[in-house]
$ cat data.cif   # mmCIF, C-alpha atoms; chains and numbers go by the auth columns
data_target
loop_
_atom_site.group_PDB
_atom_site.id
_atom_site.type_symbol
_atom_site.label_atom_id
_atom_site.label_comp_id
_atom_site.label_asym_id
_atom_site.label_seq_id
_atom_site.Cartn_x
_atom_site.Cartn_y
_atom_site.Cartn_z
_atom_site.B_iso_or_equiv
_atom_site.auth_seq_id
_atom_site.auth_asym_id
ATOM 1 C CA MET A 1 -42.880 15.750 -144.276 0.00 750 I
ATOM 2 C CA GLY A 2 -42.755 16.210 -140.515 0.00 751 I
ATOM 3 C CA GLN A 3 -39.215 14.889 -140.324 0.00 752 I
ATOM 4 C CA TYR A 4 -38.104 17.301 -143.020 0.00 753 I
ATOM 5 C CA ALA A 5 -39.690 20.225 -141.200 0.00 754 I
ATOM 6 C CA GLY A 6 -37.947 19.272 -137.971 0.00 755 I
ATOM 7 C CA THR A 7 -34.600 18.921 -139.710 0.00 756 I
ATOM 8 C CA LEU A 8 -35.053 22.265 -141.420 0.00 757 I
ATOM 9 C CA ALA A 9 -35.940 23.898 -138.115 0.00 758 I
ATOM 10 C CA ASP A 10 -32.819 22.405 -136.546 0.00 759 I
ATOM 11 C CA GLU A 11 -30.564 23.511 -139.406 0.00 760 I
ATOM 12 C CA THR A 12 -31.887 27.073 -139.303 0.00 761 I
ATOM 13 C CA GLY A 13 -31.335 27.404 -135.561 0.00 762 I
ATOM 14 C CA TYR A 14 -34.971 27.258 -134.482 0.00 763 I
ATOM 15 C CA PHE A 15 -34.128 25.077 -131.498 0.00 764 I
ATOM 16 C CA GLU A 16 -32.282 27.648 -129.413 0.00 765 I
ATOM 17 C CA SER A 17 -31.999 25.753 -126.155 0.00 766 I
ATOM 18 C CA PRO A 18 -30.071 22.517 -125.712 0.00 767 I
ATOM 19 C CA LYS A 19 -33.219 20.948 -124.254 0.00 768 I
ATOM 20 C CA ALA A 20 -35.260 21.762 -127.381 0.00 769 I
ATOM 21 C CA HIS A 21 -32.511 20.357 -129.578 0.00 770 I
ATOM 22 C CA LEU A 22 -32.392 17.169 -127.486 0.00 771 I
ATOM 23 C CA VAL A 23 -36.168 16.737 -127.749 0.00 772 I
ATOM 24 C CA HIS A 24 -35.881 17.091 -131.526 0.00 773 I
ATOM 25 C CA LEU A 25 -33.140 14.451 -131.681 0.00 774 I
ATOM 26 C CA ARG A 26 -35.190 12.102 -129.517 0.00 775 I
ATOM 27 C CA GLN A 27 -38.132 12.468 -131.884 0.00 776 I
ATOM 28 C CA ARG A 28 -35.883 11.630 -134.830 0.00 777 I
ATOM 29 C CA LEU A 29 -34.619 8.545 -132.999 0.00 778 I
ATOM 30 C CA LEU A 30 -38.165 7.394 -132.275 0.00 779 I
ATOM 31 C CA ALA A 31 -39.202 7.948 -135.900 0.00 780 I
ATOM 32 C CA ALA A 32 -36.278 5.839 -137.122 0.00 781 I
ATOM 33 C CA ALA A 33 -37.037 3.129 -134.570 0.00 782 I
ATOM 34 C CA ARG A 34 -40.697 3.066 -135.651 0.00 783 I
ATOM 35 C CA LEU A 35 -39.611 2.458 -139.227 0.00 784 I
ATOM 36 C CA ILE A 36 -37.455 -0.503 -138.201 0.00 785 I
ATOM 37 C CA LEU A 37 -40.165 -1.770 -135.869 0.00 786 I
ATOM 38 C CA ASP A 38 -42.917 -1.655 -138.498 0.00 787 I
ATOM 39 C CA VAL A 39 -40.865 -3.510 -141.104 0.00 788 I
ATOM 40 C CA ARG A 40 -39.563 -6.179 -138.724 0.00 789 I
ATOM 41 C CA LEU A 41 -42.979 -6.853 -137.203 0.00 790 I
ATOM 42 C CA HIS A 42 -44.913 -6.919 -140.457 0.00 791 I
ATOM 43 C CA CYS A 43 -42.340 -9.131 -142.202 0.00 792 I
ATOM 44 C CA GLY A 44 -42.499 -11.545 -139.289 0.00 793 I
ATOM 45 C CA ASP A 45 -38.839 -11.097 -138.359 0.00 794 I
ATOM 46 C CA TRP A 46 -39.635 -10.069 -134.775 0.00 795 I
ATOM 47 C CA THR A 47 -42.117 -11.092 -132.158 0.00 796 I
ATOM 48 C CA ALA A 48 -43.791 -8.440 -130.035 0.00 797 I
ATOM 49 C CA ASP A 49 -41.376 -9.231 -127.198 0.00 798 I
ATOM 50 C CA GLN A 50 -38.345 -8.804 -129.465 0.00 799 I
ATOM 51 C CA ALA A 51 -39.727 -5.488 -130.690 0.00 800 I
ATOM 52 C CA ARG A 52 -40.281 -4.276 -127.130 0.00 801 I
ATOM 53 C CA LYS A 53 -36.753 -5.305 -126.156 0.00 802 I
ATOM 54 C CA PHE A 54 -35.370 -3.332 -129.125 0.00 803 I
ATOM 55 C CA LEU A 55 -37.288 -0.215 -128.107 0.00 804 I
ATOM 56 C CA GLU A 56 -36.265 -0.476 -124.476 0.00 805 I
ATOM 57 C CA GLU A 57 -32.577 -1.122 -125.194 0.00 806 I
ATOM 58 C CA LYS A 58 -31.956 1.102 -128.211 0.00 807 I
ATOM 59 C CA VAL A 59 -34.460 3.940 -127.783 0.00 808 I
ATOM 60 C CA LEU A 60 -34.593 3.804 -123.966 0.00 809 I
ATOM 61 C CA LEU A 61 -38.369 3.625 -123.784 0.00 810 I
ATOM 62 C CA THR A 62 -40.015 2.454 -120.608 0.00 811 I
ATOM 63 C CA PRO A 63 -41.797 -0.910 -120.657 0.00 812 I
ATOM 64 C CA ALA A 64 -45.161 0.878 -120.831 0.00 813 I
ATOM 65 C CA GLN A 65 -43.997 3.052 -123.727 0.00 814 I
ATOM 66 C CA SER A 66 -42.565 0.094 -125.633 0.00 815 I
ATOM 67 C CA TYR A 67 -45.808 -1.827 -125.129 0.00 816 I
ATOM 68 C CA ALA A 68 -47.794 1.108 -126.536 0.00 817 I
ATOM 69 C CA GLU A 69 -45.476 1.453 -129.543 0.00 818 I
ATOM 70 C CA VAL A 70 -45.696 -2.238 -130.407 0.00 819 I
ATOM 71 C CA LEU A 71 -49.461 -2.146 -130.001 0.00 820 I
ATOM 72 C CA ARG A 72 -49.637 0.892 -132.303 0.00 821 I
ATOM 73 C CA ALA A 73 -47.474 -0.833 -134.894 0.00 822 I
ATOM 74 C CA THR A 74 -49.493 -4.040 -134.875 0.00 823 I
ATOM 75 C CA LEU A 75 -52.935 -2.439 -134.914 0.00 824 I
ATOM 76 C CA TYR A 76 -52.333 0.315 -137.454 0.00 825 I
ATOM 77 C CA ARG A 77 -53.375 -0.526 -140.989 0.00 826 I
ATOM 78 C CA PRO A 78 -53.257 2.325 -143.523 0.00 827 I
ATOM 79 C CA CYS A 79 -56.232 2.710 -145.814 0.00 828 I
ATOM 80 C CA PRO A 80 -55.634 1.727 -149.455 0.00 829 I
#
$ encode --input "data.cif" --output "structure tokens"
Amino acid sequence: MGQYAGTLADETGYFESPKAHLVHLRQRLLAAARLILDVRLHCGDWTADQARKFLEEKVLLTPAQSYAEVLRATLYRPCP
């Protein structure tokens, strides 16, 4: 739902400044990367180090940010 709201805001011109638009695009990139990260980690396709490398190379996260994202992905378990 949040992604849809952000896309709608972008399409209707809510993000007036280039900086606001860039922040929105960065959030979309991170959301897409989290989806890939969650699937790859939980299916056992990637190790934590491979996941961190992906985030640092493709999403340009810092090592501390990539560590936090991988930790979030591995610790989070949705309730049934």
$ atom_distance --input "data.cif" --atom1 "CA of Leu786 (chain I)" --atom2 "CA of Ala822 (chain I)"
7.4 Å
$ closest_residue --input "data.cif" --among "I:Lys802, I:Arg821, I:Lys807, I:His770" --to "Ala782 (chain I)" --atoms "only C-alpha atoms"
I:Lys807
$ closest_residue --input "data.cif" --among "I:Ala769, I:Ala817, I:Ala781, I:Leu774" --to "Thr756 (chain I)" --atoms "all atoms listed in the file"
I:Leu774
$ residues_around --input "data.cif" --residues "Arg783 (chain I)" --least-positions-apart "4" --cutoff "10 Å" --atoms "all atoms listed in the file" --output "PDB file with C-alpha atoms, in the frame of the given file"
ATOM      1  CA  ARG I 777     -35.883  11.630-134.830  1.00  0.00           C
ATOM      2  CA  LEU I 778     -34.619   8.545-132.999  1.00  0.00           C
ATOM      3  CA  LEU I 779     -38.165   7.394-132.275  1.00  0.00           C
ATOM      4  CA  ASP I 787     -42.917  -1.655-138.498  1.00  0.00           C
ATOM      5  CA  VAL I 788     -40.865  -3.510-141.104  1.00  0.00           C
ATOM      6  CA  ARG I 789     -39.563  -6.179-138.724  1.00  0.00           C
ATOM      7  CA  ALA I 800     -39.727  -5.488-130.690  1.00  0.00           C
ATOM      8  CA  LEU I 804     -37.288  -0.215-128.107  1.00  0.00           C
ATOM      9  CA  GLU I 818     -45.476   1.453-129.543  1.00  0.00           C
ATOM     10  CA  VAL I 819     -45.696  -2.238-130.407  1.00  0.00           C
ATOM     11  CA  ARG I 821     -49.637   0.892-132.303  1.00  0.00           C
ATOM     12  CA  ALA I 822     -47.474  -0.833-134.894  1.00  0.00           C
TER      13      ALA I 822
END
$ atom_distance --input "data.cif" --atom1 "CA of Ala813 (chain I)" --atom2 "CA of Ser766 (chain I)"
28.6 Å
$ axis_aligned_box --input "data.cif" --around "region 770-780 of chain I" --padding-each-side "3 Å" --output "lines of an AutoDock Vina configuration file"
center_x = -35.8
center_y = 13.9
center_z = -131.7
size_x = 12.8
size_y = 19.0
size_z = 14.4
$ closest_residue --input "data.cif" --among "I:Arg801, I:Gln752, I:Leu824, I:Leu809" --to "Ala780 (chain I)" --atoms "all atoms listed in the file"
I:Gln752
$ atom_distance --input "data.cif" --atom1 "CA of Leu810 (chain I)" --atom2 "CA of Asp794 (chain I)"
20.7 Å
$ closest_residue --input "data.cif" --among "I:Cys792, I:Glu765, I:Ala797, I:Arg775" --to "Ser815 (chain I)" --atoms "only C-alpha atoms"
I:Ala797
